[in-house]
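Chemist: Structure supplied as model_4.cif; contents: mmCIF, C-alpha atoms.
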data_start
#
loop_
_atom_site.label_atom_id
_atom_site.label_comp_id
_atom_site.auth_asym_id
_atom_site.auth_seq_id
_atom_site.Cartn_x
_atom_site.Cartn_y
_atom_site.Cartn_z
CA MET A 1 89.89 8.15 -0.37
CA VAL A 2 87.54 10.74 -1.81
CA SER A 3 88.23 13.42 0.75
CA ALA A 4 85.63 16.11 1.26
CA GLU A 5 88.39 18.53 2.24
CA LYS A 6 88.55 21.73 0.21
CA PRO A 7 91.32 21.44 -2.38
CA ALA A 8 93.74 24.30 -3.04
CA ALA A 9 92.86 26.31 -6.15
CA SER A 10 94.67 24.93 -9.20
CA SER A 11 96.67 27.31 -11.35
CA GLY A 12 96.03 25.11 -14.42
CA ALA A 13 92.27 24.88 -13.93
CA ARG A 14 89.82 25.76 -16.68
CA ARG A 15 87.31 28.50 -16.08
CA GLY A 16 83.95 27.38 -14.66
CA SER A 17 83.27 24.62 -12.14
CA PRO A 18 85.47 21.55 -12.03
CA GLY A 19 84.41 18.92 -14.55
CA GLU A 20 82.06 21.32 -16.37
CA GLY A 21 80.90 19.80 -19.64
CA LEU A 22 81.78 16.21 -18.69
CA PRO A 23 78.94 13.68 -19.03
CA PRO A 24 77.58 12.57 -15.63
CA THR A 25 78.67 9.19 -14.32
CA THR A 26 77.03 6.77 -11.89
CA LEU A 27 80.43 6.43 -10.18
CA VAL A 28 80.04 9.85 -8.55
CA LEU A 29 78.17 9.79 -5.24
CA PRO A 30 76.05 12.60 -3.80
CA GLY A 31 78.49 13.41 -0.95
CA ASP A 32 81.61 13.63 -3.17
CA GLU A 33 83.73 16.75 -2.97
CA PRO A 34 83.15 18.51 -6.35
CA THR A 35 86.74 18.33 -7.63
CA ALA A 36 87.03 14.66 -6.67
CA ALA A 37 83.73 14.08 -8.50
CA ALA A 38 85.08 15.92 -11.54
CA LEU A 39 88.23 13.77 -11.51
CA ILE A 40 86.15 10.58 -11.51
CA ALA A 41 83.96 11.83 -14.36
CA ALA A 42 87.07 12.87 -16.30
CA ALA A 43 88.75 9.50 -15.74
CA VAL A 44 85.67 7.66 -17.07
CA GLU A 45 85.69 9.87 -20.15
CA VAL A 46 89.40 9.68 -20.95
CA MET A 47 89.99 6.02 -20.01
CA ALA A 48 86.97 4.91 -22.05
CA VAL A 49 88.89 6.07 -25.13
CA HIS A 50 92.55 5.49 -24.27
CA GLY A 51 92.44 2.79 -21.59
CA TYR A 52 94.04 2.99 -18.16
CA HIS A 53 97.60 2.55 -19.38
CA GLY A 54 97.11 5.01 -22.23
CA THR A 55 95.84 7.72 -19.87
CA SER A 56 98.13 9.88 -17.73
CA VAL A 57 97.38 11.65 -14.46
CA ARG A 58 97.93 14.87 -16.41
CA ASP A 59 95.26 13.87 -19.00
CA ILE A 60 92.69 13.18 -16.29
CA ALA A 61 93.49 16.34 -14.34
CA ALA A 62 93.28 18.44 -17.51
CA ALA A 63 89.91 16.93 -18.50
CA ALA A 64 88.65 17.69 -14.98
CA GLY A 65 89.92 21.27 -15.15
CA THR A 66 92.33 20.76 -12.27
CA SER A 67 95.95 19.76 -11.64
CA PRO A 68 97.82 16.47 -11.06
CA ALA A 69 98.57 17.57 -7.48
CA ILE A 70 94.84 17.70 -6.73
CA LEU A 71 94.36 14.20 -8.18
CA TYR A 72 97.15 12.89 -5.93
CA HIS A 73 95.57 14.70 -2.99
CA HIS A 74 92.22 12.94 -3.48
CA PHE A 75 93.25 9.51 -4.78
CA THR A 76 96.99 9.08 -3.94
CA SER A 77 97.68 7.77 -7.48
CA LYS A 78 96.11 6.89 -10.84
CA GLN A 79 95.89 3.35 -9.47
CA GLY A 80 93.97 4.61 -6.41
CA LEU A 81 91.54 6.43 -8.68
CA LEU A 82 90.97 3.30 -10.83
CA ALA A 83 90.44 1.20 -7.70
CA THR A 84 87.83 3.69 -6.43
CA MET A 85 86.06 3.63 -9.81
CA LEU A 86 85.84 -0.15 -10.17
CA ASP A 87 84.93 -0.68 -6.53
CA ARG A 88 82.12 1.87 -6.77
CA GLY A 89 80.87 0.30 -9.99
CA LEU A 90 80.34 -3.00 -8.19
CA ASP A 91 78.76 -1.24 -5.20
CA VAL A 92 76.23 0.44 -7.52
CA LEU A 93 75.43 -2.90 -9.17
CA ILE A 94 75.04 -4.87 -5.93
CA ALA A 95 72.96 -2.14 -4.27
CA ALA A 96 70.57 -1.90 -7.24
CA THR A 97 70.19 -5.69 -7.38
CA GLU A 98 69.59 -6.09 -3.64
CA GLU A 99 67.06 -3.27 -3.66
CA ALA A 100 65.16 -4.86 -6.58
CA LEU A 101 65.18 -8.18 -4.75
CA ASP A 102 63.85 -6.61 -1.56
CA LEU A 103 60.87 -5.29 -3.51
CA ALA A 104 60.23 -8.50 -5.45
CA GLY A 105 58.37 -10.60 -2.89
CA GLU A 106 58.61 -14.38 -2.60
CA ASP A 107 57.77 -15.69 -6.06
CA PRO A 108 60.92 -17.16 -7.68
CA ALA A 109 59.97 -15.89 -11.16
CA ASP A 110 59.48 -12.37 -9.81
CA ARG A 111 62.80 -12.63 -8.00
CA LEU A 112 64.66 -13.67 -11.15
CA ARG A 113 62.95 -10.89 -13.12
CA ALA A 114 64.07 -8.46 -10.40
CA VAL A 115 67.76 -9.38 -10.46
CA VAL A 116 67.88 -9.61 -14.27
CA GLY A 117 66.09 -6.27 -14.61
CA ALA A 118 68.40 -4.51 -12.14
CA HIS A 119 71.58 -6.01 -13.61
CA VAL A 120 70.62 -5.19 -17.21
CA ARG A 121 69.49 -1.68 -16.34
CA VAL A 122 72.73 -0.82 -14.51
CA HIS A 123 74.76 -2.09 -17.46
CA LEU A 124 72.69 -0.02 -19.92
CA GLU A 125 72.76 3.12 -17.78
CA SER A 126 76.47 2.75 -16.92
CA GLN A 127 77.65 1.43 -20.24
CA ARG A 128 81.05 3.15 -20.33
CA GLU A 129 81.66 2.37 -16.67
CA SER A 130 80.78 -1.31 -17.21
CA LEU A 131 83.08 -1.66 -20.21
CA LEU A 132 85.88 0.02 -18.27
CA GLY A 133 85.29 -2.27 -15.31
CA ASN A 134 85.56 -5.34 -17.51
CA SER A 135 88.56 -4.26 -19.56
CA GLU A 136 90.61 -2.65 -16.77
CA LEU A 137 90.21 -5.26 -14.03
CA ARG A 138 93.58 -6.58 -15.24
CA SER A 139 95.10 -3.13 -14.58
CA LEU A 140 94.32 -3.19 -10.86
CA GLU A 141 97.06 -4.18 -8.46
CA PRO A 142 96.46 -7.50 -6.66
CA GLY A 143 94.86 -6.18 -3.43
CA ALA A 144 92.38 -3.89 -5.16
CA ARG A 145 91.69 -6.53 -7.81
CA ALA A 146 90.90 -9.14 -5.15
CA LEU A 147 88.34 -6.78 -3.62
CA VAL A 148 86.61 -6.12 -6.95
CA VAL A 149 86.62 -9.83 -7.83
CA ALA A 150 85.11 -10.62 -4.41
CA LYS A 151 82.33 -8.12 -5.09
CA ARG A 152 81.72 -9.63 -8.52
CA ASP A 153 81.36 -12.97 -6.75
CA VAL A 154 78.82 -11.42 -4.36
CA GLN A 155 76.74 -10.35 -7.37
CA GLN A 156 77.05 -13.80 -8.96
CA ARG A 157 75.93 -15.45 -5.72
CA ILE A 158 72.79 -13.32 -5.71
CA PHE A 159 71.91 -14.86 -9.10
CA ASP A 160 72.95 -18.32 -7.88
CA ARG A 161 70.70 -18.15 -4.82
CA VAL A 162 67.67 -16.93 -6.77
CA VAL A 163 68.01 -19.76 -9.28
CA ARG A 164 68.73 -22.46 -6.66
CA ASP A 165 65.78 -21.29 -4.58
CA GLY A 166 63.46 -21.54 -7.61
CA VAL A 167 64.74 -25.05 -8.34
CA ARG A 168 64.29 -26.12 -4.69
CA ARG A 169 60.73 -24.86 -4.74
CA GLY A 170 59.98 -26.76 -7.96
CA VAL A 171 59.34 -23.58 -9.97
CA PHE A 172 62.50 -23.72 -12.11
CA GLY A 173 63.57 -26.97 -13.78
CA ALA A 174 67.27 -26.12 -14.39
CA ASP A 175 69.45 -29.24 -14.21
CA GLN A 176 72.53 -27.22 -13.34
CA PRO A 177 71.32 -24.16 -11.41
CA ASP A 178 74.73 -22.52 -10.94
CA ASP A 179 75.63 -22.87 -14.61
CA ALA A 180 72.28 -21.47 -15.66
CA ALA A 181 72.72 -18.57 -13.20
CA ARG A 182 76.15 -17.80 -14.69
CA PHE A 183 74.80 -18.08 -18.24
CA VAL A 184 72.08 -15.57 -17.38
CA SER A 185 74.18 -13.05 -15.44
CA THR A 186 76.91 -12.93 -18.11
CA ALA A 187 74.39 -12.48 -20.94
CA CYS A 188 72.98 -9.56 -18.93
CA THR A 189 76.42 -8.03 -18.36
CA ALA A 190 77.09 -8.16 -22.10
CA VAL A 191 74.35 -5.67 -22.94
CA ALA A 192 76.99 -3.00 -22.20
CA ALA A 193 79.06 -4.37 -25.09
CA TRP A 194 76.40 -4.20 -27.81
CA TYR A 195 73.74 -1.66 -26.76
CA ARG A 196 73.54 1.48 -28.88
CA PRO A 197 71.25 4.31 -27.70
CA GLY A 198 68.69 4.96 -30.44
CA GLY A 199 68.96 1.39 -31.77
CA ARG A 200 66.23 -1.18 -32.46
CA LEU A 201 65.35 -1.65 -28.78
CA GLY A 202 65.16 0.82 -25.89
CA PRO A 203 66.24 -0.06 -22.33
CA ASP A 204 62.71 -1.00 -21.17
CA GLU A 205 62.22 -3.43 -24.07
CA ILE A 206 65.63 -5.01 -23.55
CA VAL A 207 64.91 -5.46 -19.84
CA ALA A 208 61.48 -7.00 -20.50
CA ARG A 209 62.80 -9.42 -23.14
CA TYR A 210 65.86 -10.42 -21.11
CA GLU A 211 63.66 -11.16 -18.08
CA GLU A 212 61.63 -13.64 -20.15
CA ILE A 213 64.63 -15.25 -21.84
CA ALA A 214 66.29 -15.67 -18.42
CA LEU A 215 63.16 -17.46 -17.15
CA ASP A 216 63.36 -19.79 -20.16
CA ALA A 217 67.07 -20.42 -19.50
CA VAL A 218 66.33 -21.66 -15.95
CA ARG A 219 63.38 -23.77 -17.24
CA TYR A 220 60.67 -21.78 -15.50
CA GLY A 221 57.51 -23.85 -15.21
CA ARG A 222 59.07 -27.05 -16.62
CA MET B 1 100.67 -7.89 -43.92
CA VAL B 2 102.46 -10.92 -42.50
CA SER B 3 105.17 -11.17 -45.12
CA ALA B 4 106.88 -14.52 -45.59
CA GLU B 5 110.03 -12.66 -46.72
CA LYS B 6 113.18 -13.43 -44.74
CA PRO B 7 113.80 -10.63 -42.22
CA ALA B 8 117.29 -9.18 -41.71
CA ALA B 9 119.05 -10.56 -38.64
CA SER B 10 118.37 -8.38 -35.60
CA SER B 11 121.31 -7.21 -33.54
CA GLY B 12 119.09 -7.07 -30.43
CA ALA B 13 117.69 -10.59 -30.83
CA ARG B 14 117.84 -13.16 -27.99
CA ARG B 15 119.65 -16.40 -28.59
CA GLY B 16 117.50 -19.30 -29.88
CA SER B 17 114.57 -19.16 -32.30
CA PRO B 18 112.33 -16.08 -32.41
CA GLY B 19 109.58 -16.22 -29.80
CA GLU B 20 111.15 -19.17 -27.99
CA GLY B 21 109.42 -19.74 -24.66
CA LEU B 22 106.25 -17.79 -25.56
CA PRO B 23 102.95 -19.69 -25.11
CA PRO B 24 101.38 -20.70 -28.44
CA THR B 25 98.48 -18.62 -29.72
CA THR B 26 95.61 -19.45 -32.05
CA LEU B 27 96.32 -16.15 -33.85
CA VAL B 28 99.41 -17.63 -35.53
CA LEU B 29 98.67 -19.45 -38.79
CA PRO B 30 100.65 -22.38 -40.23
CA GLY B 31 102.12 -20.36 -43.14
CA ASP B 32 103.35 -17.44 -41.02
CA GLU B 33 106.98 -16.41 -41.33
CA PRO B 34 108.57 -17.44 -37.95
CA THR B 35 109.55 -13.97 -36.77
CA ALA B 36 106.12 -12.55 -37.67
CA ALA B 37 104.58 -15.46 -35.75
CA ALA B 38 106.82 -14.69 -32.76
CA LEU B 39 105.77 -11.04 -32.84
CA ILE B 40 102.08 -12.02 -32.75
CA ALA B 41 102.67 -14.44 -29.86
CA ALA B 42 104.68 -11.77 -28.02
CA ALA B 43 101.98 -9.13 -28.57
CA VAL B 44 99.30 -11.44 -27.11
CA GLU B 45 101.49 -12.07 -24.08
CA VAL B 46 102.49 -8.48 -23.37
CA MET B 47 99.18 -6.78 -24.26
CA ALA B 48 97.22 -9.26 -22.12
CA VAL B 49 99.01 -7.75 -19.11
CA HIS B 50 99.59 -4.10 -20.05
CA GLY B 51 96.93 -3.41 -22.68
CA TYR B 52 97.53 -2.01 -26.16
CA HIS B 53 98.28 1.53 -25.02
CA GLY B 54 100.53 0.34 -22.19
CA THR B 55 102.63 -1.76 -24.59
CA SER B 56 105.34 -0.30 -26.83
CA VAL B 57 106.71 -1.64 -30.11
CA ARG B 58 109.99 -2.09 -28.23
CA ASP B 59 108.27 -4.26 -25.56
CA ILE B 60 106.74 -6.53 -28.19
CA ALA B 61 109.94 -6.81 -30.21
CA ALA B 62 111.96 -7.62 -27.07
CA ALA B 63 109.49 -10.32 -25.98
CA ALA B 64 109.71 -11.82 -29.47
CA GLY B 65 113.53 -11.73 -29.40
CA THR B 66 113.72 -9.32 -32.33
CA SER B 67 113.88 -5.59 -33.04
CA PRO B 68 111.34 -2.80 -33.61
CA ALA B 69 112.54 -2.51 -37.23
CA ILE B 70 111.46 -6.10 -37.87
CA LEU B 71 108.03 -5.41 -36.36
CA TYR B 72 107.61 -2.39 -38.65
CA HIS B 73 108.74 -4.53 -41.58
CA HIS B 74 106.04 -7.14 -40.97
CA PHE B 75 103.14 -5.07 -39.63
CA THR B 76 103.87 -1.41 -40.56
CA SER B 77 102.94 -0.27 -37.02
CA LYS B 78 101.71 -1.41 -33.61
CA GLN B 79 98.23 -0.55 -34.91
CA GLY B 80 98.75 -2.81 -37.93
CA LEU B 81 99.76 -5.65 -35.63
CA LEU B 82 96.67 -5.16 -33.42
CA ALA B 83 94.43 -5.07 -36.49
CA THR B 84 95.93 -8.35 -37.73
CA MET B 85 95.40 -9.96 -34.31
CA LEU B 86 91.77 -8.96 -33.88
CA ASP B 87 90.89 -9.72 -37.48
CA ARG B 88 92.42 -13.19 -37.23
CA GLY B 89 90.64 -13.83 -33.93
CA LEU B 90 87.28 -13.33 -35.67
CA ASP B 91 88.37 -15.44 -38.65
CA VAL B 92 89.23 -18.32 -36.28
CA LEU B 93 85.86 -18.00 -34.55
CA ILE B 94 83.78 -17.81 -37.74
CA ALA B 95 85.66 -20.69 -39.41
CA ALA B 96 85.21 -22.97 -36.37
CA THR B 97 81.51 -22.13 -36.16
CA GLU B 98 80.85 -22.65 -39.87
CA GLU B 99 82.72 -25.95 -39.84
CA ALA B 100 80.71 -27.19 -36.85
CA LEU B 101 77.50 -26.17 -38.60
CA ASP B 102 78.49 -27.99 -41.80
CA LEU B 103 78.87 -31.20 -39.79
CA ALA B 104 75.66 -30.73 -37.77
CA GLY B 105 73.03 -31.90 -40.23
CA GLU B 106 69.52 -30.49 -40.47
CA ASP B 107 68.09 -30.83 -36.96
CA PRO B 108 67.72 -27.35 -35.39
CA ALA B 109 68.72 -28.58 -31.91
CA ASP B 110 71.89 -30.18 -33.31
CA ARG B 111 72.62 -26.98 -35.21
CA LEU B 112 72.30 -24.83 -32.09
CA ARG B 113 74.47 -27.28 -30.13
CA ALA B 114 77.05 -27.02 -32.93
CA VAL B 115 77.33 -23.22 -32.95
CA VAL B 116 77.25 -22.97 -29.13
CA GLY B 117 79.86 -25.71 -28.81
CA ALA B 118 82.19 -24.11 -31.37
CA HIS B 119 81.81 -20.60 -29.97
CA VAL B 120 82.37 -21.70 -26.35
CA ARG B 121 85.33 -23.88 -27.26
CA VAL B 122 87.12 -21.12 -29.19
CA HIS B 123 86.63 -18.74 -26.25
CA LEU B 124 88.00 -21.31 -23.80
CA GLU B 125 90.95 -22.27 -25.99
CA SER B 126 91.73 -18.66 -26.95
CA GLN B 127 90.96 -17.05 -23.63
CA ARG B 128 93.67 -14.36 -23.66
CA GLU B 129 93.02 -13.61 -27.32
CA SER B 130 89.26 -13.28 -26.69
CA LEU B 131 89.73 -10.93 -23.74
CA LEU B 132 92.15 -8.83 -25.78
CA GLY B 133 89.71 -8.74 -28.68
CA ASN B 134 86.95 -7.47 -26.44
CA SER B 135 88.97 -4.92 -24.48
CA GLU B 136 91.08 -3.53 -27.35
CA LEU B 137 88.41 -3.14 -30.03
CA ARG B 138 88.24 0.51 -28.89
CA SER B 139 91.98 0.85 -29.66
CA LEU B 140 91.56 0.07 -33.35
CA GLU B 141 91.44 2.93 -35.81
CA PRO B 142 88.05 3.37 -37.53
CA GLY B 143 88.70 1.38 -40.73
CA ALA B 144 90.13 -1.67 -38.98
CA ARG B 145 87.48 -1.45 -36.27
CA ALA B 146 84.69 -1.43 -38.85
CA LEU B 147 86.08 -4.63 -40.37
CA VAL B 148 86.25 -6.42 -37.00
CA VAL B 149 82.75 -5.22 -36.05
CA ALA B 150 81.44 -6.47 -39.42
CA LYS B 151 82.95 -9.89 -38.72
CA ARG B 152 81.43 -9.93 -35.23
CA ASP B 153 78.10 -9.26 -36.94
CA VAL B 154 78.71 -12.20 -39.29
CA GLN B 155 79.14 -14.46 -36.25
CA GLN B 156 76.00 -13.04 -34.58
CA ARG B 157 74.01 -13.64 -37.77
CA ILE B 158 75.05 -17.31 -37.75
CA PHE B 159 73.40 -17.61 -34.31
CA ASP B 160 70.40 -15.55 -35.49
CA ARG B 161 69.79 -17.80 -38.49
CA VAL B 162 70.04 -21.02 -36.49
CA VAL B 163 67.53 -19.76 -33.93
CA ARG B 164 65.13 -18.27 -36.51
CA ASP B 165 65.25 -21.47 -38.53
CA GLY B 166 64.38 -23.55 -35.45
CA VAL B 167 61.46 -21.22 -34.70
CA ARG B 168 60.23 -21.38 -38.30
CA ARG B 169 60.29 -25.17 -38.17
CA GLY B 170 58.34 -25.21 -34.91
CA VAL B 171 61.19 -26.79 -32.94
CA PHE B 172 62.12 -23.71 -30.89
CA GLY B 173 59.41 -21.64 -29.17
CA ALA B 174 61.39 -18.39 -28.67
CA ASP B 175 59.11 -15.34 -28.87
CA GLN B 176 61.98 -13.06 -29.85
CA PRO B 177 64.44 -15.20 -31.80
CA ASP B 178 67.04 -12.49 -32.39
CA ASP B 179 67.11 -11.46 -28.74
CA ALA B 180 67.41 -15.07 -27.62
CA ALA B 181 70.23 -15.58 -30.15
CA ARG B 182 72.07 -12.53 -28.78
CA PHE B 183 71.48 -13.68 -25.19
CA VAL B 184 72.99 -17.07 -26.02
CA SER B 185 75.98 -15.88 -28.07
CA THR B 186 77.02 -13.29 -25.47
CA ALA B 187 76.75 -15.77 -22.58
CA CYS B 188 79.01 -18.07 -24.61
CA THR B 189 81.53 -15.27 -25.30
CA ALA B 190 81.71 -14.52 -21.57
CA VAL B 191 83.24 -17.90 -20.71
CA ALA B 192 86.57 -16.24 -21.58
CA ALA B 193 86.00 -13.79 -18.71
CA TRP B 194 85.40 -16.33 -15.92
CA TYR B 195 86.96 -19.67 -16.96
CA ARG B 196 89.94 -20.80 -14.90
CA PRO B 197 91.85 -23.89 -16.07
CA GLY B 198 91.75 -26.48 -13.31
CA GLY B 199 88.50 -25.08 -11.88
CA ARG B 200 85.21 -26.85 -11.07
CA LEU B 201 84.39 -27.60 -14.73
CA GLY B 202 86.58 -28.60 -17.65
CA PRO B 203 86.01 -27.39 -21.23
CA ASP B 204 83.98 -30.44 -22.27
CA GLU B 205 81.59 -30.10 -19.32
CA ILE B 206 81.15 -26.37 -19.89
CA VAL B 207 80.40 -26.99 -23.58
CA ALA B 208 77.88 -29.75 -22.78
CA ARG B 209 76.06 -27.69 -20.14
CA TYR B 210 76.02 -24.52 -22.22
CA GLU B 211 74.54 -26.41 -25.19
CA GLU B 212 71.62 -27.54 -23.02
CA ILE B 213 71.07 -24.14 -21.38
CA ALA B 214 71.11 -22.51 -24.83
CA LEU B 215 68.39 -24.95 -25.99
CA ASP B 216 66.33 -23.96 -22.94
CA ALA B 217 66.88 -20.26 -23.68
CA VAL B 218 65.37 -20.64 -27.18
CA ARG B 219 62.49 -22.75 -25.78
CA TYR B 220 63.47 -25.99 -27.48
CA GLY B 221 60.51 -28.37 -27.66
CA ARG B 222 58.02 -25.86 -26.22
#
Once you've parsed the file, please lay out its structure as structure tokens.
Modeler:
Amino acid sequence: MVSAEKPAASSGARRGSPGEGLPPTTLVLPGDEPTAAALIAAAVEVMAVHGYHGTSVRDIAAAAGTSPAILYHHFTSKQGLLATMLDRGLDVLIAATEEALDLAGEDPADRLRAVVGAHVRVHLESQRESLLGNSELRSLEPGARALVVAKRDVQQRIFDRVVRDGVRRGVFGADQPDDAARFVSTACTAVAAWYRPGGRLGPDEIVARYEEIALDAVRYGR
Amino acid sequence: MVSAEKPAASSGARRGSPGEGLPPTTLVLPGDEPTAAALIAAAVEVMAVHGYHGTSVRDIAAAAGTSPAILYHHFTSKQGLLATMLDRGLDVLIAATEEALDLAGEDPADRLRAVVGAHVRVHLESQRESLLGNSELRSLEPGARALVVAKRDVQQRIFDRVVRDGVRRGVFGADQPDDAARFVSTACTAVAAWYRPGGRLGPDEIVARYEEIALDAVRYGR
């Protein structure tokens, strides 16, 4: 969807590069064509305030310093842009979690710390994107929604497997491993809803504390 | 805001009583004037699908079988209606939690079970209302938003006090009581995001399991 093709110059564009002045977003990938990247960053910014349904293609294009025609060129529709955003958000989350797990070794406690740490950190670093993903899932059309839900399930199963494995090896004492895994993953997702930069705890402290509370929740060492 | 005054008959109203055929909502109170109640039920129904910004006063009035003028009469604006909905949602949650705590006695484990049980049950029984409350908080104007955030803080402090009290009495071993309390309350809120009626677990089983996982998360008996 995010074509690397050179877009036609937009008559309505602002001066400067596309998307200049927009905060960076984790939903933009290194190979993205710059105007497509600017449209994604603009959509995050505008939809975070007004929601998907309260945001027009014109609003997004204007915030990106380009035109509606260029948005349609890259994403087909506002719906196509939202689908790209939510799908990428899950890809970022799953990739970070799998990478952390690959580095964690065999110890079940280290593996739970790894997935909790990765999940919390992504939700702190992509706070606006996470909140958008949770509130606008309902705005996706069925096919795109099914894909995002399937990827959410992939992430949940990573937690499930880590907890079940710890229980099987006698390291975690959870009576209901899948329920404990869900309890933990959803508490970690929720950091995006309450975290305030500059508040009582910084990201590293939240990660460290959540890793230990998650171990308690699965009855580590009991 | 929700006046009990008799509204003028609406020329655009459907046949039958106002709001006929709409699913009941916990945001309607026993003393509500029937058309105001129908407007709240209609707003829950329509906004759950299209979001606040994607829903017009005309949409809500039509779903309630009344007219925009009647909505303005009862709630002043779409914003006033949203503020009433979110504010009532928190009132329902806090009242249920305080009542459960009043019945729980002095044992810290029973007190944590009580607040977890009440919080989970409200989020299961008011699933659409809870999801709306979380996704549309951003759509409230600053004054109304500050009130809802203050009430969310009241609910969080109930959890904080129960966990701190258990730690002080040596019954819970949590190293960071406030973080554990936040971990628990947010996991409980999230049931609204994943629960599907007719799924693997019913409300009573979810409540029972979440009460035990919450006790583990605060290191009960350690």
Chemist: Pairing the C-alpha atoms in order and superposing chain A on chain B, what is the resulting RMSD?
Modeler: 0.0 Å
Chemist: Show me, as a count of residues only, the residues that have an atom within 10 Å of region 146-154 of chain A when counting all atoms listed in the file, minus same-chain residues fewer than 4 positions from it.
Modeler: 18
Chemist: Given only C-alpha atoms, how would the per-residue table for region 94-163 of chain A near region 47-52 of chain A read, listing every residue at most 12 Å away with its closest atom pair and distance in Å to one decimal, sorted by chain and number, as CSV?
Modeler:
residue,atom,partner,partner_atom,distance
A:Ser126,CA,A:Ala48,CA,11.9
A:Gln127,CA,A:Ala48,CA,10.1
A:Arg128,CA,A:Ala48,CA,6.4
A:Glu129,CA,A:Ala48,CA,8.0
A:Ser130,CA,A:Ala48,CA,10.0
A:Leu131,CA,A:Ala48,CA,7.9
A:Leu132,CA,A:Ala48,CA,6.3
A:Gly133,CA,A:Ala48,CA,10.0
A:Asn134,CA,A:Ala48,CA,11.3
A:Ser135,CA,A:Gly51,CA,8.3
A:Glu136,CA,A:Tyr52,CA,6.7
A:Leu137,CA,A:Tyr52,CA,10.0
A:Arg138,CA,A:Tyr52,CA,10.0
A:Ser139,CA,A:Tyr52,CA,7.2
A:Leu140,CA,A:Tyr52,CA,9.6
Chemist: Quick one: residues within 8 Å of region 60-65 of chain B, only C-alpha atoms counted, chain neighbours fewer than 3 positions away excluded, as a short mmCIF file (atom, residue, chain, number, x, y, z; two decimals) with C-alpha atoms, keeping the file's coordinate frame?
Modeler:
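What landed in around-v2.cif:
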data_model
loop_
_atom_site.label_atom_id
_atom_site.label_comp_id
_atom_site.auth_asym_id
_atom_site.auth_seq_id
_atom_site.Cartn_x
_atom_site.Cartn_y
_atom_site.Cartn_z
CA GLY B 12 119.09 -7.07 -30.43
CA ALA B 13 117.69 -10.59 -30.83
CA ARG B 14 117.84 -13.16 -27.99
CA ARG B 15 119.65 -16.40 -28.59
CA PRO B 18 112.33 -16.08 -32.41
CA GLY B 19 109.58 -16.22 -29.80
CA GLU B 20 111.15 -19.17 -27.99
CA LEU B 22 106.25 -17.79 -25.56
CA THR B 35 109.55 -13.97 -36.77
CA ALA B 38 106.82 -14.69 -32.76
CA LEU B 39 105.77 -11.04 -32.84
CA ALA B 41 102.67 -14.44 -29.86
CA ALA B 42 104.68 -11.77 -28.02
CA ALA B 43 101.98 -9.13 -28.57
CA VAL B 46 102.49 -8.48 -23.37
CA THR B 55 102.63 -1.76 -24.59
CA SER B 56 105.34 -0.30 -26.83
CA VAL B 57 106.71 -1.64 -30.11
CA PRO B 68 111.34 -2.80 -33.61
CA ILE B 70 111.46 -6.10 -37.87
CA LEU B 71 108.03 -5.41 -36.36
#
Chemist: Would you compute the distance between CA of Ala96 (chain A) and CA of Ala36 (chain A)? Give it in Å to one decimal.
Modeler: 23.4 Å
Chemist: Distance CA of Gly173 (chain A)-CA of Gly105 (chain A), one decimal place?
Modeler: 20.3 Å
Chemist: If you measure from CA of Gly117 (chain B) to CA of Leu29 (chain B), what distance in Å do you get, rounded to one decimal?
Modeler: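 So the answer is 22.2 Å.
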Chemist: If we count all atoms listed in the file, what is near Asp165 (chain B) at a cut-off of 9 Å, once residues fewer than 6 positions away on the same chain are taken out, given as a count of residues only?
Modeler: 3
